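Visitor: Below is one structure. I have some questions about it.
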Amino acid sequence: MKHLLDIETLDRGDIDRILAKAAEMKKTRGRHPDAPLKDECWVLMFSKSSTRTRLSFEVGIRELGGQPIFLAANDIQLGRGEPIRDTARVIGRMAQGAVIRTYAQGDVEEFAELSGIRTINALTDLEHPCQILSDLLTIVEKRGSLDGLTVTFIGDGDCNVARSWIWAASKLGFDLRIAAPAKFQPPADLVARAGKNITVTTDVAAASRGSDVLYTDVWISMGKEDEAAFRLAQFSGYQINKAAVDEAGGSPLVMHCLPAYRGKEITDDVFEANARTIFDQAENRLHAQKAVLALLEK
Ligand code: CP
Ligand code: NVA
């Protein structure tokens with residue numbers, strides 16, 4: 001594996017290797033004598049805001065012996081219209097790896113191809129692979145394995161995080177339920193291609209019933225701000241709240257990729273009651289991404 005561009009093109013072996021390495025990275029944090037990124041410069045090129053992804057990559061690259069260089073897309077010529085293919089060929093001459101947060105998935109793919117350097121998707125409109133790898137690590141830590149589990153995603157079923165969940169379920173075989181308004185469901189052909197273990201509904205209560213994991217993400221993803229009023233109306237009720245937790249029964253893991261908007265996709269009481277899990281998820285961004293950084297082939 002030279003790049004991490006999505007979950008869709010990973011296979012089960014890749015995911016298992018990343019999760020095993022992430023657990024090792026977490027256990028040995030602060031002790032990486034082999035410094036897998038020694039003498040390397042890694043460019044972080046971001047066209048969208050970030051707290052967790054930026055910080056975890058900057059810290060992780062340093063912990064592995066490399067140097068991160070942050071380039072906000074609007075501060076470089078890319079923001080003034082220089083094409084991605086030219087930007088890629090410049091960065092490829094100077095850095096050893098790149099972490100890219102942007103809109104079009106095709107831009108990350110084009111960057112990977114033309115720069116020739118290891119490239120990681122740090123979120124596009126289509127996928128957020130680093131997030132889902134960290135979430136899988138968190139579930140394995142807390143439940144031992146994903147085998148036999150049911151994960152319920154409540155909210156925008158067509159967003160990057162939901163799509164990466166779909167591909168994770170496709171590769172790993174756990175049951176995934178998506179509860180989303182009719183206008184915000186993933187394309188039916190994509191779900192059919194991903195597998196029979198993925199179901200989509202508009203019914204939050206039915207999707208939550210007996211579930212092991214309740215997961216949500218923002219109703220208004222970055223880049224969708226123009227649709228805010230429509231989305232707020234459509235998503236009303238697509239929330240992790242006490243009723244959803246009660247439907248799940250037992251003690252479901254309640255997860256959120258963050259940032260969270262209390263009173264929208266999750267209630268404050270449920271968020272705070274599950275803050276330990278949610279911030280473990282956030283911390284695991286560091287460990288999972290360090291695993292990816294160490295495993296990508298030079
Ligand atoms: N979850 C996540 O990717 O957070 P940031 O947008 O803060 O990086
Ligand atoms: N779906 C969200 C994820 C944020 C980490 C977005 O794209 O804004």
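Scheme for the structure tokens: letters A, B, ... for chains in order shown; per-chain residue numbers from 1; ligand numbers from 1 in order shown.
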For ligand 1, return the neighbouring residues as a ChimeraX atom specification (distance at most 9 Å; only C-alpha atoms and all ligand atoms).

Guide: /A:48-56,101,122-123,128,130-131,217,222,256-259,282,285

Visitor: Within segment 58-180 of chain A, find each residue whose DSSP state, derived from the backbone, is alpha helix (DSSP H), and express the selection as a PyMOL selection string.

Guide: chain A and resi 58-63+84-94+105-115+129-143+160-172

Visitor: So, with only C-alpha atoms and all ligand atoms as the atoms that count, which of A:Leu172, A:Cys159, A:Val59, A:Val90 lies closest to ligand 2?

Guide: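 Under the stated criterion, the closest residue is A:Cys159.
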
Visitor: Using only C-alpha atoms, which residues sit within 6 Å of Cys41 of chain A once same-chain residues fewer than 3 positions away are excluded, as a PyMOL selection string?

Guide: chain A and resi 66-68+95-96

Visitor: Restricted to C-alpha atoms, what would the selected residues look like written as a PDB file, in the first residue's frame?

Guide:
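File selection-v5.pdb, as written:
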```
ATOM      1  CA  GLY A  66       9.505  13.459  10.386  1.00  0.00           C
ATOM      2  CA  GLN A  67       8.759  17.153   9.893  1.00  0.00           C
ATOM      3  CA  PRO A  68       5.230  18.331   9.049  1.00  0.00           C
ATOM      4  CA  ALA A  95       8.514  16.425   0.220  1.00  0.00           C
ATOM      5  CA  GLN A  96       8.357  12.722   0.928  1.00  0.00           C
TER       6      GLN A  96
END
```

Visitor: Taking only C-alpha atoms and all ligand atoms into account, name the residue in A:Ala104, A:Ala229, A:Ala169, A:Ala112 that is nearest to ligand 2.

Guide: A:Ala104

Visitor: Mind checking which residues fall within 9 Å of segment 11-17 of chain A, counting only C-alpha atoms, ignoring those fewer than 2 positions away in the same chain, and posting them as an NGL selection string?

Guide: :A and (1 or 7-9 or 19-22 or 133 or 168 or 171-172 or 291 or 295)

Visitor: Restricting it to N, CA and C atoms, dump the selection as a compact mmCIF listing (two decimals), in the first residue's frame.

Guide:
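Writing done, so here's part_28.txt:
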```
# COMPACT_ATOMS: atom_id res chain seq x y z
N MET A 1 0.84 -1.19 0.00
CA MET A 1 0.00 0.00 0.00
C MET A 1 0.89 1.26 0.00
N ILE A 7 -11.37 3.96 1.99
CA ILE A 7 -11.55 2.61 2.55
C ILE A 7 -11.98 1.67 1.42
N GLU A 8 -12.64 2.23 0.42
CA GLU A 8 -13.22 1.40 -0.65
C GLU A 8 -12.20 0.47 -1.31
N THR A 9 -10.97 0.96 -1.51
CA THR A 9 -10.00 0.13 -2.22
C THR A 9 -9.03 -0.61 -1.28
N LEU A 19 -4.89 -1.79 11.96
CA LEU A 19 -5.41 -1.82 13.34
C LEU A 19 -4.40 -2.45 14.30
N ALA A 20 -3.72 -3.49 13.84
CA ALA A 20 -2.72 -4.14 14.71
C ALA A 20 -1.56 -3.17 14.98
N LYS A 21 -1.12 -2.49 13.92
CA LYS A 21 -0.01 -1.55 14.07
C LYS A 21 -0.43 -0.37 14.96
N ALA A 22 -1.69 0.06 14.83
CA ALA A 22 -2.18 1.19 15.63
C ALA A 22 -2.17 0.82 17.11
N LEU A 133 -10.83 4.39 10.36
CA LEU A 133 -9.81 3.49 10.92
C LEU A 133 -9.66 3.73 12.42
N ALA A 168 -16.22 0.12 5.20
CA ALA A 168 -15.66 -0.67 6.30
C ALA A 168 -16.54 -1.90 6.56
N LYS A 171 -15.99 -4.50 3.88
CA LYS A 171 -14.73 -5.26 3.98
C LYS A 171 -14.71 -6.18 5.18
N LEU A 172 -15.30 -5.72 6.30
CA LEU A 172 -15.15 -6.47 7.55
C LEU A 172 -16.36 -7.34 7.89
N ALA A 291 0.06 4.58 12.52
CA ALA A 291 0.17 3.25 11.92
C ALA A 291 0.20 3.36 10.40
N LEU A 295 3.22 2.37 7.81
CA LEU A 295 3.02 1.21 6.93
C LEU A 295 3.08 1.53 5.44
```

Visitor: Could you check the closest approach to ligand 2 for each of A:Arg62, A:Lys224, A:Arg143, A:Lys38 and tell me which residue wins, using only C-alpha atoms and all ligand atoms?

Guide: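 Closest residue, counting only C-alpha atoms and all ligand atoms: A:Lys224.
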
Visitor: A:Gln77, A:Gly106, A:Ser115, A:Trp167: which is nearest Arg89 of chain A, counting only C-alpha atoms?

Guide: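 Of A:Gln77, A:Gly106, A:Ser115, A:Trp167, the one nearest Arg89 of chain A is A:Ser115, counting only C-alpha atoms.
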
Visitor: Show which residues sit within 8 Å of segment 181-183 of chain A, as a list in words. Count only C-alpha atoms, and ignore same-chain residues fewer than 6 positions away.

Guide: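 Everything that qualifies: Gly155, Asp156, Thr201, Thr202, Gln234, Phe235 and Tyr238 of chain A.
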
Visitor: Could those selected residues go to a file with C-alpha atoms, as a short mmCIF file (atom, residue, chain, number, x, y, z; two decimals), in the first residue's frame?

Guide:
```
data_model
loop_
_atom_site.label_atom_id
_atom_site.label_comp_id
_atom_site.auth_asym_id
_atom_site.auth_seq_id
_atom_site.Cartn_x
_atom_site.Cartn_y
_atom_site.Cartn_z
CA GLY A 155 -27.73 11.39 10.20
CA ASP A 156 -26.39 12.28 6.76
CA THR A 201 -33.93 3.26 6.49
CA THR A 202 -35.64 6.50 7.46
CA GLN A 234 -34.68 17.58 6.93
CA PHE A 235 -32.49 16.18 9.70
CA TYR A 238 -32.08 12.19 13.14
#
```

Visitor: Could you give me, as a ChimeraX atom specification, the residues within 12 Å of Leu78 of chain A, counting only C-alpha atoms and dropping anything in the same chain fewer than 2 positions from it?

Guide: /A:45-47,71-76,80-88,90-91,102,107

Visitor: Residues of the last selection are to be written out with C-alpha atoms, as an mmCIF file, in the first residue's frame.

Guide:
```
data_model
loop_
_atom_site.group_PDB
_atom_site.id
_atom_site.type_symbol
_atom_site.label_atom_id
_atom_site.label_comp_id
_atom_site.auth_asym_id
_atom_site.auth_seq_id
_atom_site.Cartn_x
_atom_site.Cartn_y
_atom_site.Cartn_z
ATOM 1 C CA MET A 45 -2.365 20.641 2.401
ATOM 2 C CA PHE A 46 -5.834 21.533 3.711
ATOM 3 C CA SER A 47 -8.697 23.291 1.893
ATOM 4 C CA LEU A 71 -0.055 24.570 3.822
ATOM 5 C CA ALA A 72 -3.499 26.162 3.985
ATOM 6 C CA ALA A 73 -4.842 25.906 0.442
ATOM 7 C CA ASN A 74 -5.851 29.557 0.432
ATOM 8 C CA ASP A 75 -2.347 30.689 1.400
ATOM 9 C CA ILE A 76 -0.703 28.954 -1.546
ATOM 10 C CA ARG A 80 -5.608 31.415 -6.712
ATOM 11 C CA GLY A 81 -6.279 28.770 -9.324
ATOM 12 C CA GLU A 82 -2.995 26.923 -9.821
ATOM 13 C CA PRO A 83 -4.075 23.410 -10.800
ATOM 14 C CA ILE A 84 -3.705 20.476 -8.448
ATOM 15 C CA ARG A 85 -1.606 18.665 -11.069
ATOM 16 C CA ASP A 86 1.033 21.404 -11.002
ATOM 17 C CA THR A 87 0.908 21.748 -7.226
ATOM 18 C CA ALA A 88 1.386 17.970 -6.952
ATOM 19 C CA VAL A 90 6.067 20.751 -7.133
ATOM 20 C CA ILE A 91 5.374 19.170 -3.761
ATOM 21 C CA THR A 102 -10.153 18.852 0.214
ATOM 22 C CA ASP A 107 -8.039 15.786 -6.533
#
```

Visitor: Would you kindly return, as a VMD selection string, each protein, DNA or RNA residue with an atom no farther than 10 Å from any atom of Pro187 of chain A, considering only C-alpha atoms and excluding same-chain residues fewer than 4 positions away?

Guide: chain A and resid 157 to 158 163 191 to 192

Visitor: Tell me which of A:Lys242, A:Lys26, A:Arg177, A:Arg276 sits closest to Leu137 of chain A, counting only C-alpha atoms.

Guide: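 Using only C-alpha atoms, Leu137 of chain A sits closest to A:Lys26.
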
Visitor: I need the residue nearest ligand 2 from this list: A:Gln239, A:Ser170, A:Asn160, A:Ser134. Use only C-alpha atoms and all ligand atoms for the distance.

Guide: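 Among the listed residues, the smallest separation from ligand 2 belongs to A:Asn160.
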
Visitor: I'd like to know which residues of segment 192-248 of chain A are strand (DSSP E or B) (by DSSP, run on the backbone); could you write them as a PyMOL selection string?

Guide: chain A and resi 198-201+213-216+240

Visitor: The selected residues should be written to file as a compact mmCIF listing (two decimals), in the first residue's frame (atoms: C-alpha atoms).

Guide:
```
# COMPACT_ATOMS: atom_id res chain seq x y z
CA ILE A 198 -25.74 -2.83 4.98
CA THR A 199 -29.31 -1.58 5.35
CA VAL A 200 -30.74 1.91 4.93
CA THR A 201 -33.93 3.26 6.49
CA VAL A 213 -22.85 1.09 18.39
CA LEU A 214 -24.74 4.33 17.77
CA TYR A 215 -22.73 6.73 15.62
CA THR A 216 -23.40 10.20 14.30
CA ILE A 240 -28.72 10.30 19.08
```
